[in-house]
Amino acid sequence: MPPKPTGKSRRLVLGAVVVLALAVGVGVLVAPRNDRPSAREVEALQEALRGPTQHWGRLEIQGMRAAVADLQAPEGVPDELIGGEARAWQSSLSDIAGRIEGIRTSDDLRPIVTAFRRAVDPYLDAARLFEQATTVTGAERTALIERGAAAAQQGAVLYNEASMQLQAARRRAGLPPTTDFPDHPAES
C-alpha cells in the first residue's frame, strides 16, 4: 500500500498541476494560429460577391459603355434618356455598394470585401460625370466623358485587384482559381 500523502507532498503535486496548466495555457497563447480561411469560407464569400458583381458588370458593359458611345455620336440616343440612365446607374451602383458592404465574413477575408466595395466608388463617379456630360456640349462634354472614362478605368483596376485578392485567398485555402473573377491586372 502506498504511503499516505502528506500536506507537503499535496502542495507539491498541486503546484506541479498549476505550473503544468499555466505552461499549457501559455503554449496555447503563443502557438501559431492557422490564419488561413477555410475553403468553405472563401467559397461562401465568392458566392456572396457573385450576384452584386455580375449585376455591376452588366451595368458597365451594356449600359455605361454603350451610353458613352452615344454621348460621343453626333446623333444618337437623346441626352435626356442617357441622363436618366446615368441616374439609374448611380442608384444601382449605390445598391451594389451596400450589398457588398453588408457581406458578413471572417476578419481574415474582410479586406477582400473592402477592396470590392472601394472599387464601386470610381464607377459611381463615372456615372455622375456621364450624367453631367448630357447637360453640356463641345469641349466641356468631351472633357466630362474623358474624366468619366478614366474614373471607370480606375474602377476596373480596383475591381481586378480585389478579384486577385479573392483568387489568392482561394489558393491559400487549397482551391483552384475560379473563372468568375479575374486573376490578372486590368488592361489599361
# chains A, B, ... in the order shown; residues from 1 in each chain; ligands from 1
$ closest_atom_pairs --of "range 25-144 of chain A" --to "range 166-180 of chain A" --cutoff "12 Å" --atoms "only C-alpha atoms" --output "CSV"
residue,atom,partner,partner_atom,distance
A:Asn34,CA,A:Ala173,CA,11.0
A:Asp35,CA,A:Arg172,CA,9.9
A:Arg36,CA,A:Ala173,CA,6.5
A:Pro37,CA,A:Ala173,CA,6.3
A:Ser38,CA,A:Ala173,CA,5.6
A:Ala39,CA,A:Ala173,CA,4.9
A:Arg40,CA,A:Ala173,CA,8.6
A:Glu41,CA,A:Ala173,CA,8.9
A:Val42,CA,A:Arg170,CA,6.3
A:Glu43,CA,A:Arg170,CA,7.8
A:Ala44,CA,A:Arg170,CA,11.1
A:Leu45,CA,A:Leu166,CA,8.7
A:Gln46,CA,A:Leu166,CA,7.6
A:Glu47,CA,A:Asp180,CA,9.8
A:Leu49,CA,A:Asp180,CA,10.0
A:Arg50,CA,A:Asp180,CA,7.7
A:Gly51,CA,A:Asp180,CA,10.8
A:Thr53,CA,A:Asp180,CA,9.6
A:Gln54,CA,A:Asp180,CA,9.0
A:Gly57,CA,A:Asp180,CA,11.4
A:Asp108,CA,A:Ala169,CA,9.4
A:Leu109,CA,A:Ala169,CA,7.9
A:Arg110,CA,A:Leu166,CA,10.6
A:Pro111,CA,A:Leu166,CA,9.6
A:Ile112,CA,A:Leu166,CA,6.4
A:Val113,CA,A:Leu166,CA,9.0
A:Thr114,CA,A:Leu166,CA,11.4
A:Ala115,CA,A:Leu166,CA,9.8
A:Phe116,CA,A:Leu166,CA,9.7
$ write_last_selection --atoms "C-alpha atoms" --output "compact mmCIF listing (two decimals), in the first residue's frame"
# COMPACT_ATOMS: atom_id res chain seq x y z
CA ASN A 34 -3.87 28.86 -38.67
CA ASP A 35 -4.82 32.22 -40.21
CA ARG A 36 -5.89 30.69 -43.47
CA PRO A 37 -9.62 30.86 -44.03
CA SER A 38 -11.21 27.54 -44.86
CA ALA A 39 -12.21 26.63 -48.39
CA ARG A 40 -15.83 26.79 -47.27
CA GLU A 41 -15.39 30.39 -46.01
CA VAL A 42 -13.72 31.50 -49.24
CA GLU A 43 -16.38 29.86 -51.40
CA ALA A 44 -19.13 31.46 -49.29
CA LEU A 45 -17.53 34.87 -49.80
CA GLN A 46 -17.22 34.28 -53.52
CA GLU A 47 -20.87 33.28 -53.72
CA LEU A 49 -19.92 38.58 -54.17
CA ARG A 50 -21.15 36.87 -57.34
CA GLY A 51 -24.62 38.46 -57.54
CA THR A 53 -20.56 41.87 -59.21
CA GLN A 54 -22.47 40.23 -62.07
CA GLY A 57 -20.58 44.02 -64.86
CA ASP A 108 -9.24 37.37 -42.47
CA LEU A 109 -11.43 37.83 -45.57
CA ARG A 110 -12.84 41.28 -44.71
CA PRO A 111 -10.09 43.14 -46.67
CA ILE A 112 -11.37 41.47 -49.84
CA VAL A 113 -14.89 42.75 -49.20
CA THR A 114 -13.48 46.22 -48.52
CA ALA A 115 -11.48 46.11 -51.76
CA PHE A 116 -14.56 45.22 -53.83
$ closest_residue --among "A:Phe130, A:Thr135, A:Ala69, A:Gly63" --to "Gly148 in chain A" --atoms "only C-alpha atoms"
A:Phe130
$ atom_distance --atom1 "CA of Leu93 in chain A" --atom2 "CA of Pro52 in chain A"
9.2 Å
$ residues_around --residues "Ala152 in chain A" --least-positions-apart "5" --cutoff "6 Å" --atoms "only C-alpha atoms" --output "ChimeraX atom specification"
/A:122-123,126
$ closest_residue --among "A:Thr134, A:Glu146, A:Ala127, A:Ala67" --to "Glu80 in chain A" --atoms "only C-alpha atoms"
A:Thr134
$ atom_distance --atom1 "CA of Arg104 in chain A" --atom2 "CA of Arg128 in chain A"
29.1 Å
$ closest_residue --among "A:Ile103, A:Gln72, A:Ala48, A:Arg65" --to "Leu144 in chain A" --atoms "only C-alpha atoms"
A:Gln72
$ atom_distance --atom1 "CA of Asp107 in chain A" --atom2 "CA of Gln154 in chain A"
26.2 Å
$ closest_residue --among "A:Asp70, A:Ile96, A:Val77, A:Val136" --to "His55 in chain A" --atoms "only C-alpha atoms"
A:Ile96
$ closest_residue --among "A:Tyr159, A:Pro78, A:Ala149, A:Gly84" --to "Asp125 in chain A" --atoms "only C-alpha atoms"
A:Ala149
$ closest_residue --among "A:Glu161, A:Glu131, A:Glu101, A:Glu140" --to "Trp89 in chain A" --atoms "only C-alpha atoms"
A:Glu131
$ select_by_dssp --residues "range 30-183 of chain A" --states "alpha helix (DSSP H)" --output "ChimeraX atom specification"
/A:30,39-58,65-72,79-101,110-133,138-172
$ decode --residues "range 131-168 of chain A" --atoms "N, CA, C and O atoms" --output "mmCIF file, in the first residue's frame"
data_model
loop_
_atom_site.group_PDB
_atom_site.id
_atom_site.type_symbol
_atom_site.label_atom_id
_atom_site.label_comp_id
_atom_site.auth_asym_id
_atom_site.auth_seq_id
_atom_site.Cartn_x
_atom_site.Cartn_y
_atom_site.Cartn_z
ATOM 1 N N GLU A 131 -23.570 61.648 -66.521
ATOM 2 C CA GLU A 131 -24.824 62.404 -66.402
ATOM 3 C C GLU A 131 -24.571 63.890 -66.662
ATOM 4 O O GLU A 131 -25.313 64.538 -67.399
ATOM 5 N N GLN A 132 -23.506 64.433 -66.078
ATOM 6 C CA GLN A 132 -23.173 65.841 -66.301
ATOM 7 C C GLN A 132 -22.884 66.109 -67.773
ATOM 8 O O GLN A 132 -23.222 67.177 -68.293
ATOM 9 N N ALA A 133 -22.279 65.147 -68.444
ATOM 10 C CA ALA A 133 -21.936 65.323 -69.861
ATOM 11 C C ALA A 133 -23.185 65.488 -70.722
ATOM 12 O O ALA A 133 -23.118 66.098 -71.794
ATOM 13 N N THR A 134 -24.313 64.963 -70.254
ATOM 14 C CA THR A 134 -25.550 65.089 -71.044
ATOM 15 C C THR A 134 -26.107 66.503 -71.011
ATOM 16 O O THR A 134 -26.996 66.826 -71.792
ATOM 17 N N THR A 135 -25.573 67.335 -70.130
ATOM 18 C CA THR A 135 -26.122 68.687 -69.966
ATOM 19 C C THR A 135 -25.290 69.755 -70.672
ATOM 20 O O THR A 135 -25.646 70.940 -70.617
ATOM 21 N N VAL A 136 -24.189 69.345 -71.299
ATOM 22 C CA VAL A 136 -23.302 70.309 -71.962
ATOM 23 C C VAL A 136 -22.925 69.780 -73.344
ATOM 24 O O VAL A 136 -23.204 68.635 -73.684
ATOM 25 N N THR A 137 -22.240 70.617 -74.104
ATOM 26 C CA THR A 137 -21.808 70.211 -75.451
ATOM 27 C C THR A 137 -20.344 70.568 -75.646
ATOM 28 O O THR A 137 -19.714 71.196 -74.798
ATOM 29 N N GLY A 138 -19.828 70.178 -76.792
ATOM 30 C CA GLY A 138 -18.487 70.580 -77.213
ATOM 31 C C GLY A 138 -17.381 70.054 -76.329
ATOM 32 O O GLY A 138 -17.410 68.924 -75.847
ATOM 33 N N ALA A 139 -16.398 70.928 -76.118
ATOM 34 C CA ALA A 139 -15.197 70.545 -75.374
ATOM 35 C C ALA A 139 -15.520 70.177 -73.923
ATOM 36 O O ALA A 139 -14.894 69.274 -73.351
ATOM 37 N N GLU A 140 -16.507 70.858 -73.357
ATOM 38 C CA GLU A 140 -16.881 70.559 -71.974
ATOM 39 C C GLU A 140 -17.440 69.130 -71.871
ATOM 40 O O GLU A 140 -17.110 68.385 -70.950
ATOM 41 N N ARG A 141 -18.265 68.741 -72.849
ATOM 42 C CA ARG A 141 -18.807 67.379 -72.869
ATOM 43 C C ARG A 141 -17.679 66.373 -73.037
ATOM 44 O O ARG A 141 -17.610 65.380 -72.325
ATOM 45 N N THR A 142 -16.792 66.657 -73.974
ATOM 46 C CA THR A 142 -15.674 65.750 -74.228
ATOM 47 C C THR A 142 -14.836 65.562 -72.966
ATOM 48 O O THR A 142 -14.456 64.431 -72.628
ATOM 49 N N ALA A 143 -14.564 66.653 -72.262
ATOM 50 C CA ALA A 143 -13.761 66.575 -71.037
ATOM 51 C C ALA A 143 -14.467 65.730 -69.972
ATOM 52 O O ALA A 143 -13.823 64.905 -69.295
ATOM 53 N N LEU A 144 -15.782 65.894 -69.822
ATOM 54 C CA LEU A 144 -16.529 65.112 -68.831
ATOM 55 C C LEU A 144 -16.545 63.626 -69.212
ATOM 56 O O LEU A 144 -16.409 62.757 -68.347
ATOM 57 N N ILE A 145 -16.707 63.343 -70.488
ATOM 58 C CA ILE A 145 -16.689 61.946 -70.944
ATOM 59 C C ILE A 145 -15.319 61.324 -70.677
ATOM 60 O O ILE A 145 -15.222 60.193 -70.188
ATOM 61 N N GLU A 146 -14.247 62.068 -70.970
ATOM 62 C CA GLU A 146 -12.893 61.555 -70.730
ATOM 63 C C GLU A 146 -12.644 61.312 -69.245
ATOM 64 O O GLU A 146 -12.059 60.295 -68.859
ATOM 65 N N ARG A 147 -13.100 62.244 -68.406
ATOM 66 C CA ARG A 147 -12.944 62.067 -66.953
ATOM 67 C C ARG A 147 -13.758 60.864 -66.475
ATOM 68 O O ARG A 147 -13.309 60.086 -65.625
ATOM 69 N N GLY A 148 -14.966 60.694 -67.025
ATOM 70 C CA GLY A 148 -15.798 59.549 -66.655
ATOM 71 C C GLY A 148 -15.156 58.231 -67.073
ATOM 72 O O GLY A 148 -15.160 57.257 -66.318
ATOM 73 N N ALA A 149 -14.598 58.218 -68.292
ATOM 74 C CA ALA A 149 -13.933 57.008 -68.774
ATOM 75 C C ALA A 149 -12.715 56.682 -67.904
ATOM 76 O O ALA A 149 -12.467 55.511 -67.587
ATOM 77 N N ALA A 150 -11.975 57.704 -67.500
ATOM 78 C CA ALA A 150 -10.805 57.477 -66.635
ATOM 79 C C ALA A 150 -11.246 56.953 -65.262
ATOM 80 O O ALA A 150 -10.602 56.061 -64.698
ATOM 81 N N ALA A 151 -12.353 57.488 -64.742
ATOM 82 C CA ALA A 151 -12.866 57.005 -63.453
ATOM 83 C C ALA A 151 -13.288 55.548 -63.569
ATOM 84 O O ALA A 151 -12.977 54.727 -62.694
ATOM 85 N N ALA A 152 -13.989 55.202 -64.647
ATOM 86 C CA ALA A 152 -14.410 53.809 -64.847
ATOM 87 C C ALA A 152 -13.188 52.895 -64.980
ATOM 88 O O ALA A 152 -13.178 51.781 -64.445
ATOM 89 N N GLN A 153 -12.151 53.367 -65.668
ATOM 90 C CA GLN A 153 -10.922 52.570 -65.802
ATOM 91 C C GLN A 153 -10.277 52.355 -64.436
ATOM 92 O O GLN A 153 -9.801 51.262 -64.135
ATOM 93 N N GLN A 154 -10.273 53.389 -63.598
ATOM 94 C CA GLN A 154 -9.729 53.241 -62.243
ATOM 95 C C GLN A 154 -10.553 52.219 -61.467
ATOM 96 O O GLN A 154 -10.008 51.395 -60.726
ATOM 97 N N GLY A 155 -11.870 52.235 -61.656
ATOM 98 C CA GLY A 155 -12.725 51.243 -61.020
ATOM 99 C C GLY A 155 -12.387 49.834 -61.485
ATOM 100 O O GLY A 155 -12.367 48.889 -60.693
ATOM 101 N N ALA A 156 -12.106 49.690 -62.780
ATOM 102 C CA ALA A 156 -11.738 48.383 -63.322
ATOM 103 C C ALA A 156 -10.433 47.886 -62.711
ATOM 104 O O ALA A 156 -10.291 46.699 -62.390
ATOM 105 N N VAL A 157 -9.481 48.796 -62.535
ATOM 106 C CA VAL A 157 -8.204 48.434 -61.913
ATOM 107 C C VAL A 157 -8.443 47.936 -60.484
ATOM 108 O O VAL A 157 -7.932 46.883 -60.080
ATOM 109 N N LEU A 158 -9.242 48.691 -59.723
ATOM 110 C CA LEU A 158 -9.524 48.308 -58.336
ATOM 111 C C LEU A 158 -10.310 46.999 -58.267
ATOM 112 O O LEU A 158 -10.069 46.168 -57.395
ATOM 113 N N TYR A 159 -11.237 46.809 -59.195
ATOM 114 C CA TYR A 159 -12.018 45.574 -59.238
ATOM 115 C C TYR A 159 -11.102 44.377 -59.490
ATOM 116 O O TYR A 159 -11.210 43.345 -58.817
ATOM 117 N N ASN A 160 -10.217 44.509 -60.453
ATOM 118 C CA ASN A 160 -9.304 43.396 -60.740
ATOM 119 C C ASN A 160 -8.361 43.133 -59.575
ATOM 120 O O ASN A 160 -8.041 41.985 -59.276
ATOM 121 N N GLU A 161 -7.920 44.185 -58.898
ATOM 122 C CA GLU A 161 -7.073 43.989 -57.716
ATOM 123 C C GLU A 161 -7.831 43.239 -56.630
ATOM 124 O O GLU A 161 -7.284 42.329 -55.995
ATOM 125 N N ALA A 162 -9.099 43.600 -56.414
ATOM 126 C CA ALA A 162 -9.924 42.898 -55.425
ATOM 127 C C ALA A 162 -10.114 41.438 -55.849
ATOM 128 O O ALA A 162 -10.046 40.525 -55.017
ATOM 129 N N SER A 163 -10.339 41.232 -57.133
ATOM 130 C CA SER A 163 -10.514 39.872 -57.649
ATOM 131 C C SER A 163 -9.246 39.044 -57.450
ATOM 132 O O SER A 163 -9.315 37.859 -57.097
ATOM 133 N N MET A 164 -8.097 39.659 -57.653
ATOM 134 C CA MET A 164 -6.833 38.939 -57.455
ATOM 135 C C MET A 164 -6.655 38.571 -55.978
ATOM 136 O O MET A 164 -6.108 37.509 -55.663
ATOM 137 N N GLN A 165 -7.136 39.431 -55.065
ATOM 138 C CA GLN A 165 -7.093 39.093 -53.640
ATOM 139 C C GLN A 165 -7.972 37.875 -53.353
ATOM 140 O O GLN A 165 -7.595 36.984 -52.583
ATOM 141 N N LEU A 166 -9.145 37.834 -53.982
ATOM 142 C CA LEU A 166 -10.036 36.683 -53.818
ATOM 143 C C LEU A 166 -9.384 35.420 -54.379
ATOM 144 O O LEU A 166 -9.423 34.353 -53.754
ATOM 145 N N GLN A 167 -8.763 35.536 -55.546
ATOM 146 C CA GLN A 167 -8.086 34.376 -56.144
ATOM 147 C C GLN A 167 -6.945 33.893 -55.239
ATOM 148 O O GLN A 167 -6.746 32.689 -55.072
ATOM 149 N N ALA A 168 -6.215 34.818 -54.646
ATOM 150 C CA ALA A 168 -5.122 34.444 -53.735
ATOM 151 C C ALA A 168 -5.683 33.727 -52.502
ATOM 152 O O ALA A 168 -5.094 32.747 -52.030
#
